[in-house]
$ cat my_file-v6.cif   # mmCIF, C-alpha atoms
data_upload
#
loop_
_atom_site.label_atom_id
_atom_site.label_comp_id
_atom_site.auth_asym_id
_atom_site.auth_seq_id
_atom_site.Cartn_x
_atom_site.Cartn_y
_atom_site.Cartn_z
CA MET B 1 0.00 0.00 0.00
CA ILE B 2 2.73 2.46 0.96
CA ALA B 3 4.78 1.57 -2.13
CA HIS B 4 1.75 2.39 -4.27
CA LEU B 5 1.31 5.63 -2.34
CA PHE B 6 4.92 6.58 -3.20
CA ASN B 7 4.45 5.69 -6.90
CA ALA B 8 6.85 2.73 -6.90
CA PRO B 9 7.12 1.03 -10.31
CA LEU B 10 5.23 -2.14 -9.42
CA GLY B 11 5.38 -3.91 -12.78
CA ASP B 12 6.15 -7.54 -13.55
CA SER B 13 9.88 -6.86 -13.78
CA GLU B 14 10.12 -4.48 -10.82
CA THR B 15 8.90 -5.13 -7.31
CA ALA B 16 9.26 -2.71 -4.43
CA VAL B 17 10.28 -4.12 -1.06
CA GLY B 18 10.01 -2.67 2.40
CA VAL B 19 10.00 -3.30 6.12
CA GLY B 20 8.24 -2.04 9.22
CA THR B 21 10.51 -0.36 11.78
CA VAL B 22 10.44 1.32 15.17
CA GLY B 23 9.96 4.82 13.77
CA SER B 24 11.98 6.58 11.09
CA SER B 25 15.23 6.35 13.04
CA GLU B 26 15.55 2.62 12.47
CA ALA B 27 14.25 3.05 8.91
CA ILE B 28 17.04 5.53 8.15
CA MET B 29 19.65 3.20 9.67
CA LEU B 30 18.48 0.37 7.40
CA ALA B 31 18.35 2.55 4.29
CA GLY B 32 21.84 3.88 5.05
CA LEU B 33 23.20 0.36 5.52
CA ALA B 34 21.75 -0.69 2.17
CA PHE B 35 23.38 2.27 0.41
CA LYS B 36 26.71 1.65 2.12
CA ARG B 37 26.79 -2.07 1.30
CA LYS B 38 25.77 -1.53 -2.32
CA TRP B 39 28.45 1.16 -2.74
CA GLN B 40 31.08 -1.08 -1.14
CA ASN B 41 30.18 -4.00 -3.38
CA LYS B 42 30.52 -1.86 -6.49
CA ARG B 43 33.84 -0.36 -5.37
CA ARG B 44 35.30 -3.80 -4.59
CA ALA B 45 34.18 -5.11 -7.98
CA GLU B 46 36.03 -2.18 -9.60
CA GLY B 47 39.13 -2.79 -7.50
CA LYS B 48 38.81 0.57 -5.74
CA PRO B 49 39.09 1.43 -2.03
CA CYS B 50 35.84 1.41 -0.07
CA ASP B 51 36.93 2.59 3.37
CA LYS B 52 35.83 6.24 3.23
CA PRO B 53 32.10 6.41 2.46
CA ASN B 54 30.24 9.67 2.91
CA ILE B 55 26.67 10.88 2.77
CA VAL B 56 25.51 14.37 1.79
CA THR B 57 22.68 16.01 3.75
CA GLY B 58 21.50 19.42 4.83
CA ALA B 59 22.49 20.74 8.25
CA ASN B 60 18.80 20.60 9.16
CA VAL B 61 18.63 16.79 9.33
CA GLN B 62 17.34 14.92 12.37
CA VAL B 63 19.87 13.55 14.86
CA CYS B 64 19.26 9.99 13.61
CA TRP B 65 21.36 10.82 10.54
CA GLU B 66 24.25 11.77 12.81
CA LYS B 67 23.73 8.51 14.70
CA PHE B 68 23.88 6.53 11.48
CA ALA B 69 27.07 8.28 10.41
CA ARG B 70 28.77 7.72 13.76
CA TYR B 71 27.58 4.17 14.41
CA PHE B 72 28.35 2.86 10.92
CA GLU B 73 31.47 4.94 10.19
CA VAL B 74 30.20 7.11 7.38
CA GLU B 75 31.33 10.72 6.97
CA LEU B 76 28.41 13.16 7.19
CA LYS B 77 28.86 16.05 4.75
CA GLU B 78 26.37 18.77 5.67
CA VAL B 79 25.21 21.59 3.43
CA LYS B 80 25.13 24.68 5.63
CA LEU B 81 21.93 26.70 5.93
CA ARG B 82 21.66 30.47 5.58
CA ASP B 83 19.34 33.21 6.77
CA GLY B 84 16.00 32.97 5.01
CA TYR B 85 16.81 29.56 3.49
CA TYR B 86 16.49 26.86 6.10
CA VAL B 87 16.65 23.71 3.95
CA MET B 88 19.33 21.97 1.90
CA ASP B 89 20.34 23.80 -1.28
CA PRO B 90 20.29 21.12 -4.06
CA LYS B 91 23.01 22.88 -6.06
CA LYS B 92 25.42 22.99 -3.12
CA ALA B 93 24.55 19.40 -2.22
CA VAL B 94 25.44 18.12 -5.68
CA GLU B 95 28.69 20.10 -5.59
CA MET B 96 29.69 18.17 -2.44
CA VAL B 97 29.09 14.76 -4.05
CA ASP B 98 32.21 12.75 -4.89
CA GLU B 99 33.02 9.16 -5.83
CA ASN B 100 32.72 8.11 -2.18
CA THR B 101 29.20 9.45 -1.71
CA ILE B 102 26.84 6.56 -1.00
CA CYS B 103 23.72 8.77 -1.36
CA VAL B 104 22.28 12.26 -0.99
CA ALA B 105 19.54 12.52 1.63
CA ALA B 106 16.69 14.97 1.05
CA ILE B 107 14.04 15.84 3.64
CA LEU B 108 10.35 16.03 2.86
CA GLY B 109 9.37 18.20 5.80
CA SER B 110 12.23 19.93 7.61
CA THR B 111 12.09 19.75 11.40
CA LEU B 112 12.67 23.50 11.73
CA ASN B 113 9.99 24.92 9.47
CA GLY B 114 8.21 21.99 7.81
CA GLU B 115 9.44 22.95 4.33
CA PHE B 116 9.76 20.30 1.61
CA GLU B 117 13.21 20.21 0.03
CA ASP B 118 13.32 20.34 -3.76
CA VAL B 119 13.86 16.64 -4.53
CA LYS B 120 13.00 17.13 -8.21
CA LEU B 121 15.77 19.70 -8.73
CA LEU B 122 18.18 17.55 -6.73
CA ASN B 123 17.37 14.55 -8.96
CA ASP B 124 17.85 16.55 -12.18
CA LEU B 125 21.18 18.03 -11.08
CA LEU B 126 22.43 14.67 -9.86
CA VAL B 127 21.45 12.97 -13.13
CA GLU B 128 23.65 15.49 -14.97
CA LYS B 129 26.57 14.97 -12.59
CA ASN B 130 26.30 11.19 -12.81
CA LYS B 131 26.41 11.38 -16.61
CA ALA B 132 29.45 13.65 -16.53
CA THR B 133 31.39 11.56 -13.99
CA GLY B 134 30.21 8.03 -14.64
CA TRP B 135 29.01 7.68 -11.05
CA ASP B 136 25.53 6.52 -10.08
CA THR B 137 24.98 8.42 -6.83
CA PRO B 138 21.39 7.78 -5.63
CA ILE B 139 18.90 9.71 -3.47
CA HIS B 140 17.17 8.76 -0.25
CA VAL B 141 14.11 10.77 0.82
CA ASP B 142 13.54 11.21 4.53
CA ALA B 143 9.76 11.64 4.43
CA ALA B 144 9.25 11.02 8.15
CA SER B 145 6.66 13.81 8.36
CA GLY B 146 5.81 14.59 4.74
CA GLY B 147 5.35 11.03 3.45
CA PHE B 148 1.75 10.84 4.63
CA ILE B 149 1.00 14.46 3.64
CA ALA B 150 2.33 15.10 0.13
CA PRO B 151 0.54 12.18 -1.59
CA PHE B 152 -2.83 13.47 -0.41
CA ILE B 153 -2.70 17.26 -0.69
CA TYR B 154 0.22 17.78 -3.11
CA PRO B 155 -0.22 14.82 -5.49
CA GLU B 156 1.38 16.73 -8.38
CA LEU B 157 4.62 17.28 -6.45
CA GLU B 158 7.39 15.01 -7.77
CA TRP B 159 9.48 13.84 -4.82
CA ASP B 160 9.03 10.06 -4.73
CA PHE B 161 9.78 7.04 -6.93
CA ARG B 162 8.64 8.97 -10.00
CA LEU B 163 12.18 10.38 -9.90
CA PRO B 164 14.64 7.77 -11.18
CA LEU B 165 17.42 8.40 -8.64
CA VAL B 166 15.14 8.03 -5.61
CA LYS B 167 15.98 4.51 -4.44
CA SER B 168 14.47 4.46 -0.96
CA ILE B 169 12.00 6.41 1.18
CA ASN B 170 11.26 6.32 4.89
CA VAL B 171 8.10 7.54 6.59
CA SER B 172 6.84 7.61 10.18
CA GLY B 173 3.49 5.98 10.82
CA HIS B 174 3.30 7.64 14.22
CA LYS B 175 3.41 11.16 12.80
CA TYR B 176 0.91 11.81 10.02
CA GLY B 177 0.29 8.12 9.43
CA LEU B 178 -2.15 8.54 12.33
CA VAL B 179 -0.81 5.65 14.44
CA TYR B 180 0.44 5.80 18.02
CA ALA B 181 4.18 5.96 18.66
CA GLY B 182 6.57 3.21 17.61
CA ILE B 183 6.03 2.56 13.90
CA GLY B 184 7.93 3.59 10.79
CA TRP B 185 8.41 2.26 7.28
CA VAL B 186 11.19 2.13 4.72
CA ILE B 187 10.50 1.26 1.09
CA TRP B 188 13.06 0.41 -1.59
CA ARG B 189 12.34 1.05 -5.25
CA ASN B 190 13.02 -2.58 -6.17
CA LYS B 191 14.78 -5.67 -4.86
CA GLU B 192 18.09 -4.72 -6.47
CA ASP B 193 18.33 -1.67 -4.22
CA LEU B 194 18.43 -3.81 -1.08
CA PRO B 195 21.52 -6.07 -1.12
CA GLU B 196 20.52 -9.68 -0.54
CA GLU B 197 23.35 -10.30 1.96
CA LEU B 198 21.66 -7.92 4.42
CA ILE B 199 18.50 -10.03 4.51
CA PHE B 200 18.17 -12.95 6.91
CA HIS B 201 15.83 -15.85 6.19
CA ILE B 202 14.12 -17.70 9.03
CA ASN B 203 11.58 -20.50 9.05
CA TYR B 204 10.40 -20.57 12.66
CA LEU B 205 6.79 -20.97 11.56
CA GLY B 206 7.44 -23.52 8.83
CA ALA B 207 7.83 -21.11 5.91
CA ASP B 208 10.52 -18.74 4.73
CA GLN B 209 10.39 -15.32 6.36
CA PRO B 210 12.90 -12.71 5.15
CA THR B 211 13.86 -10.16 7.79
CA PHE B 212 15.98 -7.01 7.74
CA THR B 213 15.89 -5.09 11.01
CA LEU B 214 18.11 -3.67 13.73
CA ASN B 215 15.36 -4.10 16.28
CA PHE B 216 14.58 -7.50 17.76
CA SER B 217 11.35 -8.46 19.54
CA LYS B 218 8.45 -6.05 19.31
CA GLY B 219 4.68 -6.20 19.21
CA SER B 220 2.58 -6.10 16.08
CA SER B 221 -0.05 -3.69 17.41
CA GLN B 222 1.31 -0.65 15.54
CA VAL B 223 1.47 -2.59 12.27
CA ILE B 224 -2.16 -3.65 12.73
CA ALA B 225 -3.13 -0.08 13.61
CA GLN B 226 -1.45 1.27 10.46
CA TYR B 227 -3.19 -1.36 8.33
CA TYR B 228 -6.52 -0.48 9.93
CA GLN B 229 -6.08 3.26 9.30
CA LEU B 230 -5.18 2.73 5.66
CA ILE B 231 -8.19 0.45 5.15
CA ARG B 232 -10.65 2.47 7.27
CA LEU B 233 -9.78 5.96 6.03
CA GLY B 234 -8.56 5.24 2.52
CA TYR B 235 -7.21 7.90 0.20
CA GLU B 236 -10.18 10.22 0.62
CA GLY B 237 -10.13 9.97 4.42
CA TYR B 238 -6.43 10.79 4.68
CA ARG B 239 -6.85 13.65 2.21
CA ASN B 240 -9.70 15.17 4.23
CA ILE B 241 -7.65 15.00 7.45
CA MET B 242 -4.53 16.51 5.88
CA GLU B 243 -6.52 19.29 4.22
CA ASN B 244 -8.13 20.08 7.56
CA CYS B 245 -4.68 20.23 9.21
CA ARG B 246 -3.50 22.61 6.50
CA ASP B 247 -6.58 24.82 6.88
CA ASN B 248 -6.09 25.05 10.65
CA MET B 249 -2.44 25.86 10.10
CA LEU B 250 -3.45 28.81 7.91
CA VAL B 251 -5.88 30.03 10.58
CA LEU B 252 -3.08 30.01 13.15
CA LYS B 253 -0.62 31.65 10.79
CA GLN B 254 -3.02 34.44 9.80
CA GLY B 255 -3.92 35.05 13.44
CA LEU B 256 -0.26 35.45 14.40
CA GLU B 257 0.39 37.74 11.43
CA LYS B 258 -2.49 40.01 12.51
CA THR B 259 -0.77 40.67 15.84
CA GLY B 260 2.02 42.37 13.89
CA LYS B 261 4.60 40.98 16.30
CA PHE B 262 5.94 37.92 14.49
CA ASN B 263 7.88 36.90 11.40
CA ILE B 264 6.55 33.65 9.92
CA VAL B 265 9.46 31.35 9.10
CA SER B 266 7.49 28.34 7.86
CA LYS B 267 6.03 27.84 4.38
CA ASP B 268 2.39 27.30 3.41
CA ASN B 269 3.28 24.26 1.31
CA GLY B 270 4.83 21.63 3.51
CA VAL B 271 4.15 19.97 6.82
CA PRO B 272 1.19 21.76 8.46
CA LEU B 273 3.07 23.69 11.11
CA VAL B 274 3.71 27.33 11.95
CA ALA B 275 7.23 28.41 12.89
CA PHE B 276 7.57 32.05 13.91
CA SER B 277 10.01 34.45 15.52
CA LEU B 278 9.72 37.86 17.21
CA LYS B 279 10.00 40.89 14.96
CA ASP B 280 11.29 43.01 17.84
CA ASN B 281 13.68 41.16 20.16
CA SER B 282 15.11 44.27 21.79
CA CYS B 283 13.00 43.69 24.90
CA HIS B 284 13.12 39.90 25.13
CA ASN B 285 16.45 38.10 25.14
CA GLU B 286 17.24 35.29 22.67
CA PHE B 287 20.10 32.86 23.08
CA GLU B 288 20.60 31.74 19.46
CA HIS B 289 21.11 33.40 16.11
CA VAL B 290 17.62 32.40 14.92
CA THR B 291 15.08 31.49 17.59
CA VAL B 292 11.64 30.24 16.62
CA LEU B 293 8.55 28.85 18.27
CA ARG B 294 7.07 25.94 16.34
CA VAL B 295 3.46 24.76 16.49
CA VAL B 296 2.76 21.45 14.74
CA ILE B 297 -0.84 20.97 13.61
CA ARG B 298 -2.08 17.42 14.09
CA GLU B 299 -5.44 15.77 13.46
CA ASP B 300 -6.89 16.80 16.84
CA PHE B 301 -5.69 20.44 16.62
CA SER B 302 -8.99 22.15 15.79
CA ARG B 303 -9.74 25.59 14.37
CA THR B 304 -11.11 26.64 17.77
CA LEU B 305 -7.87 25.58 19.44
CA ALA B 306 -5.86 27.56 16.86
CA GLU B 307 -7.91 30.70 17.57
CA ARG B 308 -7.54 30.24 21.35
CA LEU B 309 -3.79 29.79 20.98
CA VAL B 310 -3.45 33.10 19.11
CA ILE B 311 -5.42 34.87 21.86
CA ASP B 312 -3.24 33.30 24.58
CA ILE B 313 0.03 34.16 22.80
CA ASP B 314 -1.09 37.77 22.34
CA LYS B 315 -2.10 37.92 26.01
CA VAL B 316 1.26 36.57 27.18
CA LEU B 317 3.16 39.03 24.99
CA HIS B 318 1.13 41.90 26.41
CA GLU B 319 1.99 40.76 29.94
CA LEU B 320 5.69 40.51 29.03
CA GLU B 321 5.70 44.00 27.59
CA THR B 322 4.36 45.43 30.85
CA LEU B 323 7.25 43.92 32.80
CA PRO B 324 10.83 45.26 32.85
CA SER B 325 12.69 43.13 30.36
CA ARG B 326 16.10 41.63 30.98
CA ILE B 327 17.67 43.79 28.33
CA ARG B 328 16.11 46.99 29.67
CA ALA B 329 17.11 46.06 33.21
CA ARG B 330 20.65 45.39 32.05
CA ILE B 331 20.83 48.75 30.28
CA VAL B 332 19.59 50.53 33.41
CA LEU B 333 22.14 48.66 35.51
CA ASP B 334 24.95 49.43 33.07
CA ASN B 335 24.03 53.11 33.08
CA ALA B 336 23.95 53.18 36.88
CA VAL B 337 27.38 51.55 37.08
CA ALA B 338 28.75 53.98 34.51
CA GLU B 339 27.39 56.96 36.47
CA LYS B 340 28.93 55.65 39.70
CA VAL B 341 32.31 55.13 38.04
CA LYS B 342 32.17 58.64 36.60
CA LYS B 343 31.24 60.08 40.00
CA ASP B 344 34.08 58.18 41.71
CA GLN B 345 36.56 59.42 39.11
CA ASN B 346 35.44 63.02 39.64
CA GLU B 347 35.74 62.67 43.42
CA THR B 348 39.25 61.21 43.03
CA LYS B 349 40.29 64.13 40.84
CA GLU B 350 38.95 66.60 43.43
CA ILE B 351 40.91 64.89 46.24
CA ILE B 352 44.14 64.87 44.20
CA THR B 353 43.71 68.54 43.31
CA ALA B 354 43.10 69.45 46.97
CA TRP B 355 46.23 67.60 48.12
CA LYS B 356 48.37 69.22 45.45
CA LYS B 357 47.13 72.63 46.54
CA PHE B 358 47.85 71.83 50.20
CA VAL B 359 51.39 70.62 49.41
CA MET B 360 52.22 73.70 47.31
CA GLU B 361 51.06 76.01 50.10
CA LYS B 362 53.27 74.19 52.64
CA LYS B 363 56.29 74.49 50.34
CA LYS B 364 55.79 78.23 50.05
CA MET B 365 55.55 78.60 53.83
CA ASN B 366 58.68 76.69 54.93
CA GLY B 367 60.07 74.86 51.96
CA VAL B 368 59.44 71.54 53.69
CA CYS B 369 56.71 69.01 53.07
#
$ encode --input "my_file-v6.cif" --output "structure tokens"
Amino acid sequence: MIAHLFNAPLGDSETAVGVGTVGSSEAIMLAGLAFKRKWQNKRRAEGKPCDKPNIVTGANVQVCWEKFARYFEVELKEVKLRDGYYVMDPKKAVEMVDENTICVAAILGSTLNGEFEDVKLLNDLLVEKNKATGWDTPIHVDAASGGFIAPFIYPELEWDFRLPLVKSINVSGHKYGLVYAGIGWVIWRNKEDLPEELIFHINYLGADQPTFTLNFSKGSSQVIAQYYQLIRLGYEGYRNIMENCRDNMLVLKQGLEKTGKFNIVSKDNGVPLVAFSLKDNSCHNEFEHVTVLRVVIREDFSRTLAERLVIDIDKVLHELETLPSRIRARIVLDNAVAEKVKKDQNETKEIITAWKKFVMEKKKMNGVC
């Protein structure tokens, strides 16, 4: 079902494969292992060294990518973000690709602002580079949040297996898959993209069962719940829920904009969330270069709740503005200290002047001090 949702080429000659995981973290570990092993196999067959694999991502990736890189000894090459552009730049990402790059990871729904990275542009640029270099660097899409959003409300957006270099996709069932915590999925384009040596075959129940996981024993309740949601809601049900989330996100965003106190950092097209920062931070201290508050809109976040949240945020800001801020208090304190120092310096000068005058008068009287 999920492979169909991601437009996998499910013909007679091509069959997508996948596995259920404990969230997207395990899914990303498995996808990364598959890319690393396939790259190593190719390098060995060509008689080339395979001891320095790397992966290219944006600096906005989840910590699970750093875990994968550290645990499985893969260099993480991060494309730096810049003000006003908080996702991976496809052009810079492709520039960082070399012969040791096992894949480029794109995010469909950045943690910071919910924005979808431009997977289509990344694919097109990487196709050109692969042709020029003879490499076959693939793409993995981390669709932890966006995988159950884009197919329903942005069906025309090309980010999935419609792009030839996208070889695997992960998605979290416990985010917008509408299942309770502890379920994720990873899908490979076809069997050739998952090296056979990574798959174990067991026959505990009298028939062959292929397995590829890092996790061991776990319950099946989340898998059943995901199956139930897909069957019960169907395409139309998921679309209605995601459209409602997007509509409530717009209500919240417009309400915050009307206060005139916030810059909206998030995008309308993406994960339904609102990320915003203060326009005027002269009164309220911030400890990072860019500080945002992020509100994620889920199925149970109603329009009424969005309106109440705007009222509460405006109320809290009004209360803060009536209090002496840290910055103002610090300025007052600094000014007071400066005045005291100046006063002390003036008093010192007066004392020195008085002593000089006294000494000079004594010298005139008897020539002795």
$ atom_distance --input "my_file-v6.cif" --atom1 "CA of Ala59 (chain B)" --atom2 "CA of Val19 (chain B)"
27.2 Å
$ resolve_selection --input "my_file-v6.cif" --expression "the PyMOL selection byres ((chain B and resi 310) around 9)" --output "number ranges by chain"
B: 252-253, 255-256, 259, 305-309, 311-315
$ resolve_selection --input "my_file-v6.cif" --expression "the PyMOL selection byres ((chain B and resi 69) around 12)" --output "list in words"
Ile28, Met29, Gly32, Leu33, Lys36, Lys52, Pro53, Asn54, Ile55, Val56, Thr57, Gln62, Val63, Cys64, Trp65, Glu66, Lys67, Phe68, Arg70, Tyr71, Phe72, Glu73, Val74, Glu75, Leu76, Lys77, Glu78 and Ile102 of chain B
$ residues_around --input "my_file-v6.cif" --residues "region 43-46 of chain B" --least-positions-apart "3" --cutoff "12 Å" --atoms "all atoms listed in the file" --output "list in words"
Lys36, Arg37, Lys38, Trp39, Gln40, Pro49, Cys50, Asp51, Lys52, Pro53, Glu99, Asn100, Thr101, Ile102, Trp135 and Asp136 of chain B
$ resolve_selection --input "my_file-v6.cif" --expression "the PyMOL selection byres ((chain B and resi 175) around 12)" --output "ChimeraX atom specification"
/B:23-24,109,143-149,171-174,176-185,226,242,271-272,296-299
$ write_last_selection --input "my_file-v6.cif" --atoms "C-alpha atoms" --output "short mmCIF file (atom, residue, chain, number, x, y, z; two decimals), in the coordinates of the input"
data_model
loop_
_atom_site.label_atom_id
_atom_site.label_comp_id
_atom_site.auth_asym_id
_atom_site.auth_seq_id
_atom_site.Cartn_x
_atom_site.Cartn_y
_atom_site.Cartn_z
CA GLY B 23 9.96 4.82 13.77
CA SER B 24 11.98 6.58 11.09
CA GLY B 109 9.37 18.20 5.80
CA ALA B 143 9.76 11.64 4.43
CA ALA B 144 9.25 11.02 8.15
CA SER B 145 6.66 13.81 8.36
CA GLY B 146 5.81 14.59 4.74
CA GLY B 147 5.35 11.03 3.45
CA PHE B 148 1.75 10.84 4.63
CA ILE B 149 1.00 14.46 3.64
CA VAL B 171 8.10 7.54 6.59
CA SER B 172 6.84 7.61 10.18
CA GLY B 173 3.49 5.98 10.82
CA HIS B 174 3.30 7.64 14.22
CA TYR B 176 0.91 11.81 10.02
CA GLY B 177 0.29 8.12 9.43
CA LEU B 178 -2.15 8.54 12.33
CA VAL B 179 -0.81 5.65 14.44
CA TYR B 180 0.44 5.80 18.02
CA ALA B 181 4.18 5.96 18.66
CA GLY B 182 6.57 3.21 17.61
CA ILE B 183 6.03 2.56 13.90
CA GLY B 184 7.93 3.59 10.79
CA TRP B 185 8.41 2.26 7.28
CA GLN B 226 -1.45 1.27 10.46
CA MET B 242 -4.53 16.51 5.88
CA VAL B 271 4.15 19.97 6.82
CA PRO B 272 1.19 21.76 8.46
CA VAL B 296 2.76 21.45 14.74
CA ILE B 297 -0.84 20.97 13.61
CA ARG B 298 -2.08 17.42 14.09
CA GLU B 299 -5.44 15.77 13.46
#
$ atom_distance --input "my_file-v6.cif" --atom1 "CA of Thr111 (chain B)" --atom2 "CA of Val166 (chain B)"
20.9 Å
$ axis_aligned_box --input "my_file-v6.cif" --around "region 236-248 of chain B" --padding-each-side "6 Å" --output "JSON"
{"center_x": -6.8, "center_y": 17.5, "center_z": 5.6, "size_x": 18.7, "size_y": 27.1, "size_z": 22.0}
$ atom_distance --input "my_file-v6.cif" --atom1 "CA of Arg189 (chain B)" --atom2 "CA of Lys167 (chain B)"
5.1 Å
$ closest_residue --input "my_file-v6.cif" --among "B:Leu273, B:Val265, B:Ala150, B:Leu317" --to "Val87 (chain B)" --atoms "all atoms listed in the file"
B:Val265
$ residues_around --input "my_file-v6.cif" --residues "Asn190 (chain B)" --least-positions-apart "2" --cutoff "7 Å" --atoms "only C-alpha atoms" --output "PyMOL selection string"
chain B and resi 14-17+188+192-193
$ closest_residue --input "my_file-v6.cif" --among "B:Lys92, B:Asp12, B:Gln229, B:Asp118" --to "Asn269 (chain B)" --atoms "only C-alpha atoms"
B:Asp118
$ residues_around --input "my_file-v6.cif" --residues "region 151-155 of chain B" --least-positions-apart "4" --cutoff "7 Å" --atoms "only C-alpha atoms" --output "list in words"
Leu5, Tyr238, Arg239, Met242 and Glu243 of chain B
$ closest_residue --input "my_file-v6.cif" --among "B:Leu230, B:Ala275, B:Val94, B:Leu157" --to "Glu128 (chain B)" --atoms "all atoms listed in the file"
B:Val94
$ residues_around --input "my_file-v6.cif" --residues "His201 (chain B)" --least-positions-apart "6" --cutoff "7 Å" --atoms "only C-alpha atoms" --output "PDB file with C-alpha atoms, in the coordinates of the input"
ATOM      1  CA  ASP B 208      10.520 -18.740   4.730  1.00  0.00           C
ATOM      2  CA  GLN B 209      10.390 -15.320   6.360  1.00  0.00           C
ATOM      3  CA  PRO B 210      12.900 -12.710   5.150  1.00  0.00           C
ATOM      4  CA  THR B 211      13.860 -10.160   7.790  1.00  0.00           C
TER       5      THR B 211
END
$ residues_around --input "my_file-v6.cif" --residues "Lys261 (chain B)" --least-positions-apart "4" --cutoff "9 Å" --atoms "only C-alpha atoms" --output "ChimeraX atom specification"
/B:256-257,277-280,314
$ decode --input "my_file-v6.cif" --residues "region 87-103 of chain B" --atoms "N, CA and C atoms" --output "PDB file, in the first residue's frame"
ATOM      1  N   VAL B  87      16.607  25.091   4.423  1.00  0.00           N
ATOM      2  CA  VAL B  87      16.655  23.708   3.950  1.00  0.00           C
ATOM      3  C   VAL B  87      17.902  23.511   3.094  1.00  0.00           C
ATOM      4  N   MET B  88      18.144  22.276   2.702  1.00  0.00           N
ATOM      5  CA  MET B  88      19.327  21.969   1.901  1.00  0.00           C
ATOM      6  C   MET B  88      19.210  22.577   0.503  1.00  0.00           C
ATOM      7  N   ASP B  89      20.267  23.243   0.072  1.00  0.00           N
ATOM      8  CA  ASP B  89      20.338  23.797  -1.282  1.00  0.00           C
ATOM      9  C   ASP B  89      20.787  22.671  -2.223  1.00  0.00           C
ATOM     10  N   PRO B  90      19.929  22.245  -3.169  1.00  0.00           N
ATOM     11  CA  PRO B  90      20.291  21.124  -4.060  1.00  0.00           C
ATOM     12  C   PRO B  90      21.576  21.358  -4.837  1.00  0.00           C
ATOM     13  N   LYS B  91      21.806  22.594  -5.276  1.00  0.00           N
ATOM     14  CA  LYS B  91      23.012  22.876  -6.056  1.00  0.00           C
ATOM     15  C   LYS B  91      24.266  22.656  -5.219  1.00  0.00           C
ATOM     16  N   LYS B  92      24.258  23.167  -3.993  1.00  0.00           N
ATOM     17  CA  LYS B  92      25.418  22.987  -3.119  1.00  0.00           C
ATOM     18  C   LYS B  92      25.592  21.526  -2.730  1.00  0.00           C
ATOM     19  N   ALA B  93      24.477  20.824  -2.569  1.00  0.00           N
ATOM     20  CA  ALA B  93      24.551  19.405  -2.216  1.00  0.00           C
ATOM     21  C   ALA B  93      25.243  18.600  -3.316  1.00  0.00           C
ATOM     22  N   VAL B  94      24.852  18.863  -4.548  1.00  0.00           N
ATOM     23  CA  VAL B  94      25.439  18.122  -5.676  1.00  0.00           C
ATOM     24  C   VAL B  94      26.915  18.474  -5.833  1.00  0.00           C
ATOM     25  N   GLU B  95      27.281  19.705  -5.529  1.00  0.00           N
ATOM     26  CA  GLU B  95      28.692  20.098  -5.588  1.00  0.00           C
ATOM     27  C   GLU B  95      29.541  19.305  -4.595  1.00  0.00           C
ATOM     28  N   MET B  96      28.958  18.895  -3.475  1.00  0.00           N
ATOM     29  CA  MET B  96      29.689  18.171  -2.437  1.00  0.00           C
ATOM     30  C   MET B  96      29.802  16.669  -2.715  1.00  0.00           C
ATOM     31  N   VAL B  97      29.061  16.187  -3.713  1.00  0.00           N
ATOM     32  CA  VAL B  97      29.087  14.762  -4.049  1.00  0.00           C
ATOM     33  C   VAL B  97      30.420  14.400  -4.690  1.00  0.00           C
ATOM     34  N   ASP B  98      30.997  13.271  -4.250  1.00  0.00           N
ATOM     35  CA  ASP B  98      32.208  12.751  -4.894  1.00  0.00           C
ATOM     36  C   ASP B  98      32.049  11.243  -5.089  1.00  0.00           C
ATOM     37  N   GLU B  99      33.131  10.574  -5.515  1.00  0.00           N
ATOM     38  CA  GLU B  99      33.023   9.155  -5.827  1.00  0.00           C
ATOM     39  C   GLU B  99      32.760   8.293  -4.596  1.00  0.00           C
ATOM     40  N   ASN B 100      32.953   8.852  -3.406  1.00  0.00           N
ATOM     41  CA  ASN B 100      32.720   8.106  -2.176  1.00  0.00           C
ATOM     42  C   ASN B 100      31.352   8.376  -1.548  1.00  0.00           C
ATOM     43  N   THR B 101      30.527   9.137  -2.237  1.00  0.00           N
ATOM     44  CA  THR B 101      29.196   9.452  -1.712  1.00  0.00           C
ATOM     45  C   THR B 101      28.255   8.282  -1.947  1.00  0.00           C
ATOM     46  N   ILE B 102      27.730   7.724  -0.860  1.00  0.00           N
ATOM     47  CA  ILE B 102      26.838   6.561  -0.996  1.00  0.00           C
ATOM     48  C   ILE B 102      25.419   6.993  -1.346  1.00  0.00           C
ATOM     49  N   CYS B 103      25.017   8.231  -0.952  1.00  0.00           N
ATOM     50  CA  CYS B 103      23.722   8.769  -1.357  1.00  0.00           C
ATOM     51  C   CYS B 103      23.621  10.222  -0.905  1.00  0.00           C
TER      52      CYS B 103
END
